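*Asks:* The following block contains the structure, expressed as structure tokens.
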Amino acid sequence: MYTFANGKVRLRELRLEDATVYARWFNDFEITRNLVSPRPYSVAEEEAWIRHEAESGNYTFAIEAIDGPEPLSIGNCAIHKPDWRSRQAEVGIVVGEHDYLGRGYGTAALQLLLEYGFGELNLHRIHLNVYAFNARAIRSYEKVGFTLEGTEREALFRDGQYHDVWIMSILLPEWQAIVATT
């Protein structure tokens with residue numbers, strides 16, 4: 001695995017020392033309420049997750065902000081469960097540092113992840129699930145070209161009520177058209 005970047009972020013391999021900051025993020029309900037598993041995680045559990053990802057077949061990266069004086073780990077992202085026959089995979093992303101939320105860092109990281117998925121892995125379709133109440137994430141996904149495919153109605157129980165889960169995707173020709181115009 002290699003490191004790649006644009007002017008705002010760099011995606012790099014996960015490191016065991018990332019576990020401490022990840023545990024801090026995943027003990028913050030404002031961050032985890034938008035994730036599949038909103039429970040707290042210990043540093044040891046995060047270290048185990050990092051080891052697991054190295055052997056999982058997923059393409060998992062740390063996100064570093066590089067437009068400041070020092071690179072700072074602000075999140076992580078992954079291409080999960082590639083289906084090589086159908087050339088499709090699921091993506092996931094989290095920005096855990098509050099100061100970097102809503103400022104384009106997740107969008108920049110997702111652009112790099114799509115570049116890697118379509119350009120290097122030769123995928124045809126990339127999809128994700130997002131909670132319908134996560135407006136900030138939905139705006140980011142739409143900015144990079146994802147479109148709404150469907151809704152899993154009231155599929156999530158969070159904050160004492162049921163919420164819809166949206167399925168969004170982008171296809172290789174759609175991504176190529178976006179890249180050609182930028």
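Lettering and numbering for the structure tokens are positional, with chains as A, B, ... in the shown order, residues counted from 1 in each chain, and ligands counted from 1 in the shown order.
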Report as a PDB file with C-alpha atoms, in the first residue's frame all protein, DNA and RNA residues lying within 9 Å of Leu113 in chain A, evaluated on only C-alpha atoms, omitting residues in the same chain fewer than 5 positions from it.

*Replies:*
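Done, and the output landed in part-v4.pdb:
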```pdb
ATOM      1  CA  LEU A  11      -4.180   8.921   2.701  1.00  0.00           C
ATOM      2  CA  PHE A  61      -6.241   4.392   5.150  1.00  0.00           C
ATOM      3  CA  CYS A  77     -11.495   5.714   5.314  1.00  0.00           C
ATOM      4  CA  ALA A  78     -11.707   2.384   3.554  1.00  0.00           C
ATOM      5  CA  ILE A  79     -12.810   0.441   0.543  1.00  0.00           C
ATOM      6  CA  VAL A  91     -16.689   2.689   1.132  1.00  0.00           C
ATOM      7  CA  ALA A 108     -11.007  15.682  -0.256  1.00  0.00           C
ATOM      8  CA  PHE A 118     -11.635   3.478  -9.840  1.00  0.00           C
TER       9      PHE A 118
END
```

*Asks:* Please report, as a Markdown table, each residue of range 13-109 of chain A lying at most 9 Å from range 129-138 of chain A, together with the nearest pair of atoms and the separation in Å rounded to one decimal; use only C-alpha atoms, and order rows by chain and ascending residue number.

*Replies:*
```
| residue | atom | partner | partner_atom | distance |
| --- | --- | --- | --- | --- |
| A:Asn34 | CA | A:Asn134 | CA | 6.8 |
| A:Leu35 | CA | A:Tyr131 | CA | 8.6 |
| A:Glu90 | CA | A:Asn129 | CA | 8.3 |
| A:Val91 | CA | A:Asn129 | CA | 8.5 |
| A:Gly92 | CA | A:Asn129 | CA | 8.2 |
| A:Leu101 | CA | A:Arg136 | CA | 8.7 |
| A:Gly102 | CA | A:Arg136 | CA | 6.7 |
| A:Gly106 | CA | A:Ala137 | CA | 8.3 |
| A:Thr107 | CA | A:Ala137 | CA | 8.7 |
```

*Asks:* If you measure from CA of Glu115 in chain A to CA of Ile178 in chain A, what distance in Å do you get, rounded to one decimal?

*Replies:*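 Computing the Euclidean distance for CA of Glu115 in chain A and CA of Ile178 in chain A yields 11.2 Å.
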
*Asks:* I'd like the contact shell of Glu64 in chain A - 8 Å cut-off, only C-alpha atoms, skipping same-chain residues fewer than 6 positions apart - returned as a count of residues only.

*Replies:* 9

*Asks:* Quick one: residues within 6 Å of Phe146 in chain A, only C-alpha atoms counted, chain neighbours fewer than 3 positions away excluded, as a list of chain:residue names?

*Replies:*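 Once the adjacent positions are removed, what remains is A:Tyr141, A:Glu142, A:Met168, A:Ser169, A:Ile170.
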
*Asks:* Those residues you just picked out, can you put them in a file as a compact mmCIF listing (two decimals), in the first residue's frame with C-alpha atoms?

*Replies:*
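For reference, again15.txt as written:
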```txt
# COMPACT_ATOMS: atom_id res chain seq x y z
CA TYR A 141 -21.05 12.42 -0.98
CA GLU A 142 -23.10 14.39 -3.49
CA MET A 168 -25.79 5.95 -2.45
CA SER A 169 -23.44 4.99 -5.27
CA ILE A 170 -21.24 6.25 -8.06
```

*Asks:* For a quick check of understanding, using only C-alpha atoms, which of A:Asn122, A:Asn27, A:Thr181, A:Thr32 has the smallest distance to Val95 in chain A?

*Replies:*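 Among the listed residues, the smallest separation from Val95 in chain A belongs to A:Thr32.
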
*Asks:* Using only C-alpha atoms, which of A:Pro82, A:Asp164, A:Lys8, A:Ala62 sits nearest Arg103 in chain A?

*Replies:* A:Lys8

*Asks:* Using only C-alpha atoms, which of A:Pro69, A:Tyr59, A:Ala48, A:Val36 sits nearest Leu156 in chain A?

*Replies:*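 Of the candidates, the smallest distance to Leu156 in chain A is held by A:Val36.
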
*Asks:* Rounded to one decimal place, report the CA of Gln176 in chain A-CA of Asn76 in chain A distance in Å.

*Replies:* 24.3 Å

*Asks:* Between A:Arg158, A:Arg87, A:His80, A:Arg153, which one has atoms that come closest to Leu128 in chain A, using only C-alpha atoms?

*Replies:* A:His80

*Asks:* Record the distance separating CA of Glu30 in chain A and CA of Gln161 in chain A, expressed in Å with one decimal.

*Replies:*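 CA of Gln161 in chain A lies at a distance of 16.5 Å from CA of Glu30 in chain A.
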
*Asks:* Just list the residues in range 37-179 of chain A DSSP gives strand (DSSP E) on the backbone, as a ChimeraX atom specification.

*Replies:* /A:59-65,72-83,88-95,125-131,147-158,161-171

*Asks:* Selection from above, C-alpha atoms, as a PDB file, in the first residue's frame, can you write it?

*Replies:*
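Saved the output as out36.pdb:
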```
ATOM      1  CA  TYR A  59      -8.102  -1.044   1.639  1.00  0.00           C
ATOM      2  CA  THR A  60      -8.028   1.065   4.782  1.00  0.00           C
ATOM      3  CA  PHE A  61      -6.241   4.392   5.150  1.00  0.00           C
ATOM      4  CA  ALA A  62      -5.595   7.033   7.772  1.00  0.00           C
ATOM      5  CA  ILE A  63      -6.551  10.534   6.655  1.00  0.00           C
ATOM      6  CA  GLU A  64      -3.980  13.221   7.410  1.00  0.00           C
ATOM      7  CA  ALA A  65      -4.574  16.949   7.000  1.00  0.00           C
ATOM      8  CA  LEU A  72      -2.360  15.644  11.554  1.00  0.00           C
ATOM      9  CA  SER A  73      -4.373  12.410  11.594  1.00  0.00           C
ATOM     10  CA  ILE A  74      -7.998  13.521  11.375  1.00  0.00           C
ATOM     11  CA  GLY A  75      -9.874  10.379  10.307  1.00  0.00           C
ATOM     12  CA  ASN A  76      -9.826   7.171   8.366  1.00  0.00           C
ATOM     13  CA  CYS A  77     -11.495   5.714   5.314  1.00  0.00           C
ATOM     14  CA  ALA A  78     -11.707   2.384   3.554  1.00  0.00           C
ATOM     15  CA  ILE A  79     -12.810   0.441   0.543  1.00  0.00           C
ATOM     16  CA  HIS A  80     -14.560  -2.569   2.090  1.00  0.00           C
ATOM     17  CA  LYS A  81     -15.427  -5.992   0.770  1.00  0.00           C
ATOM     18  CA  PRO A  82     -14.385  -5.668  -2.870  1.00  0.00           C
ATOM     19  CA  ASP A  83     -16.396  -7.955  -5.145  1.00  0.00           C
ATOM     20  CA  GLN A  88     -17.814  -3.128  -6.913  1.00  0.00           C
ATOM     21  CA  ALA A  89     -17.114  -2.276  -3.283  1.00  0.00           C
ATOM     22  CA  GLU A  90     -18.454  -0.345  -0.327  1.00  0.00           C
ATOM     23  CA  VAL A  91     -16.689   2.689   1.132  1.00  0.00           C
ATOM     24  CA  GLY A  92     -16.701   4.161   4.591  1.00  0.00           C
ATOM     25  CA  ILE A  93     -15.193   7.328   6.020  1.00  0.00           C
ATOM     26  CA  VAL A  94     -14.983   9.100   9.358  1.00  0.00           C
ATOM     27  CA  VAL A  95     -13.483  12.455  10.264  1.00  0.00           C
ATOM     28  CA  ARG A 125     -19.317   0.746  -8.852  1.00  0.00           C
ATOM     29  CA  ILE A 126     -18.643   2.173  -5.402  1.00  0.00           C
ATOM     30  CA  HIS A 127     -21.456   2.408  -2.882  1.00  0.00           C
ATOM     31  CA  LEU A 128     -22.106   3.408   0.718  1.00  0.00           C
ATOM     32  CA  ASN A 129     -24.806   3.623   3.344  1.00  0.00           C
ATOM     33  CA  VAL A 130     -25.541   6.888   5.133  1.00  0.00           C
ATOM     34  CA  TYR A 131     -28.063   7.771   7.806  1.00  0.00           C
ATOM     35  CA  THR A 147     -26.368   9.638  -6.114  1.00  0.00           C
ATOM     36  CA  LEU A 148     -29.202   8.250  -4.032  1.00  0.00           C
ATOM     37  CA  GLU A 149     -30.133   4.728  -5.104  1.00  0.00           C
ATOM     38  CA  GLY A 150     -32.615   3.726  -2.485  1.00  0.00           C
ATOM     39  CA  THR A 151     -33.821   3.904   1.067  1.00  0.00           C
ATOM     40  CA  GLU A 152     -33.913   1.308   3.788  1.00  0.00           C
ATOM     41  CA  ARG A 153     -36.921   2.658   5.640  1.00  0.00           C
ATOM     42  CA  GLU A 154     -36.566   3.010   9.414  1.00  0.00           C
ATOM     43  CA  ALA A 155     -33.618   0.601   9.380  1.00  0.00           C
ATOM     44  CA  LEU A 156     -31.691   2.352  12.173  1.00  0.00           C
ATOM     45  CA  PHE A 157     -32.694   2.923  15.779  1.00  0.00           C
ATOM     46  CA  ARG A 158     -30.664   5.820  17.163  1.00  0.00           C
ATOM     47  CA  GLN A 161     -36.249   6.791  17.287  1.00  0.00           C
ATOM     48  CA  TYR A 162     -36.122   5.027  13.932  1.00  0.00           C
ATOM     49  CA  HIS A 163     -34.310   6.600  10.970  1.00  0.00           C
ATOM     50  CA  ASP A 164     -33.972   5.811   7.278  1.00  0.00           C
ATOM     51  CA  VAL A 165     -30.678   4.578   5.850  1.00  0.00           C
ATOM     52  CA  TRP A 166     -29.844   5.791   2.371  1.00  0.00           C
ATOM     53  CA  ILE A 167     -27.928   3.762  -0.191  1.00  0.00           C
ATOM     54  CA  MET A 168     -25.795   5.946  -2.452  1.00  0.00           C
ATOM     55  CA  SER A 169     -23.438   4.993  -5.274  1.00  0.00           C
ATOM     56  CA  ILE A 170     -21.236   6.253  -8.058  1.00  0.00           C
ATOM     57  CA  LEU A 171     -20.337   4.394 -11.254  1.00  0.00           C
TER      58      LEU A 171
END
```

*Asks:* Would you please extract all helix (DSSP H, G or I) residues from range 74-122 of chain A, as assigned by DSSP on the backbone, and give them as number ranges by chain?

*Replies:* A: 98-100, 105-120

*Asks:* Mind dumping the selected residues with C-alpha atoms as a PDB file, in the first residue's frame?

*Replies:*
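As a result, again-v4.pdb now contains:
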```pdb
ATOM      1  CA  HIS A  98     -14.027  18.295  15.448  1.00  0.00           C
ATOM      2  CA  ASP A  99     -11.965  21.197  14.084  1.00  0.00           C
ATOM      3  CA  TYR A 100     -11.902  19.502  10.662  1.00  0.00           C
ATOM      4  CA  TYR A 105     -11.415  17.415   4.494  1.00  0.00           C
ATOM      5  CA  GLY A 106     -13.765  14.431   4.267  1.00  0.00           C
ATOM      6  CA  THR A 107     -14.693  15.409   0.707  1.00  0.00           C
ATOM      7  CA  ALA A 108     -11.007  15.682  -0.256  1.00  0.00           C
ATOM      8  CA  ALA A 109     -10.285  12.282   1.294  1.00  0.00           C
ATOM      9  CA  LEU A 110     -13.269  10.719  -0.477  1.00  0.00           C
ATOM     10  CA  GLN A 111     -12.068  12.124  -3.812  1.00  0.00           C
ATOM     11  CA  LEU A 112      -8.727  10.358  -3.252  1.00  0.00           C
ATOM     12  CA  LEU A 113     -10.473   7.151  -2.206  1.00  0.00           C
ATOM     13  CA  LEU A 114     -12.553   7.199  -5.403  1.00  0.00           C
ATOM     14  CA  GLU A 115      -9.429   7.865  -7.451  1.00  0.00           C
ATOM     15  CA  TYR A 116      -7.835   4.819  -5.851  1.00  0.00           C
ATOM     16  CA  GLY A 117     -10.929   2.632  -6.219  1.00  0.00           C
ATOM     17  CA  PHE A 118     -11.635   3.478  -9.840  1.00  0.00           C
ATOM     18  CA  GLY A 119      -8.128   4.290 -11.056  1.00  0.00           C
ATOM     19  CA  GLU A 120      -6.025   1.675  -9.269  1.00  0.00           C
TER      20      GLU A 120
END
```
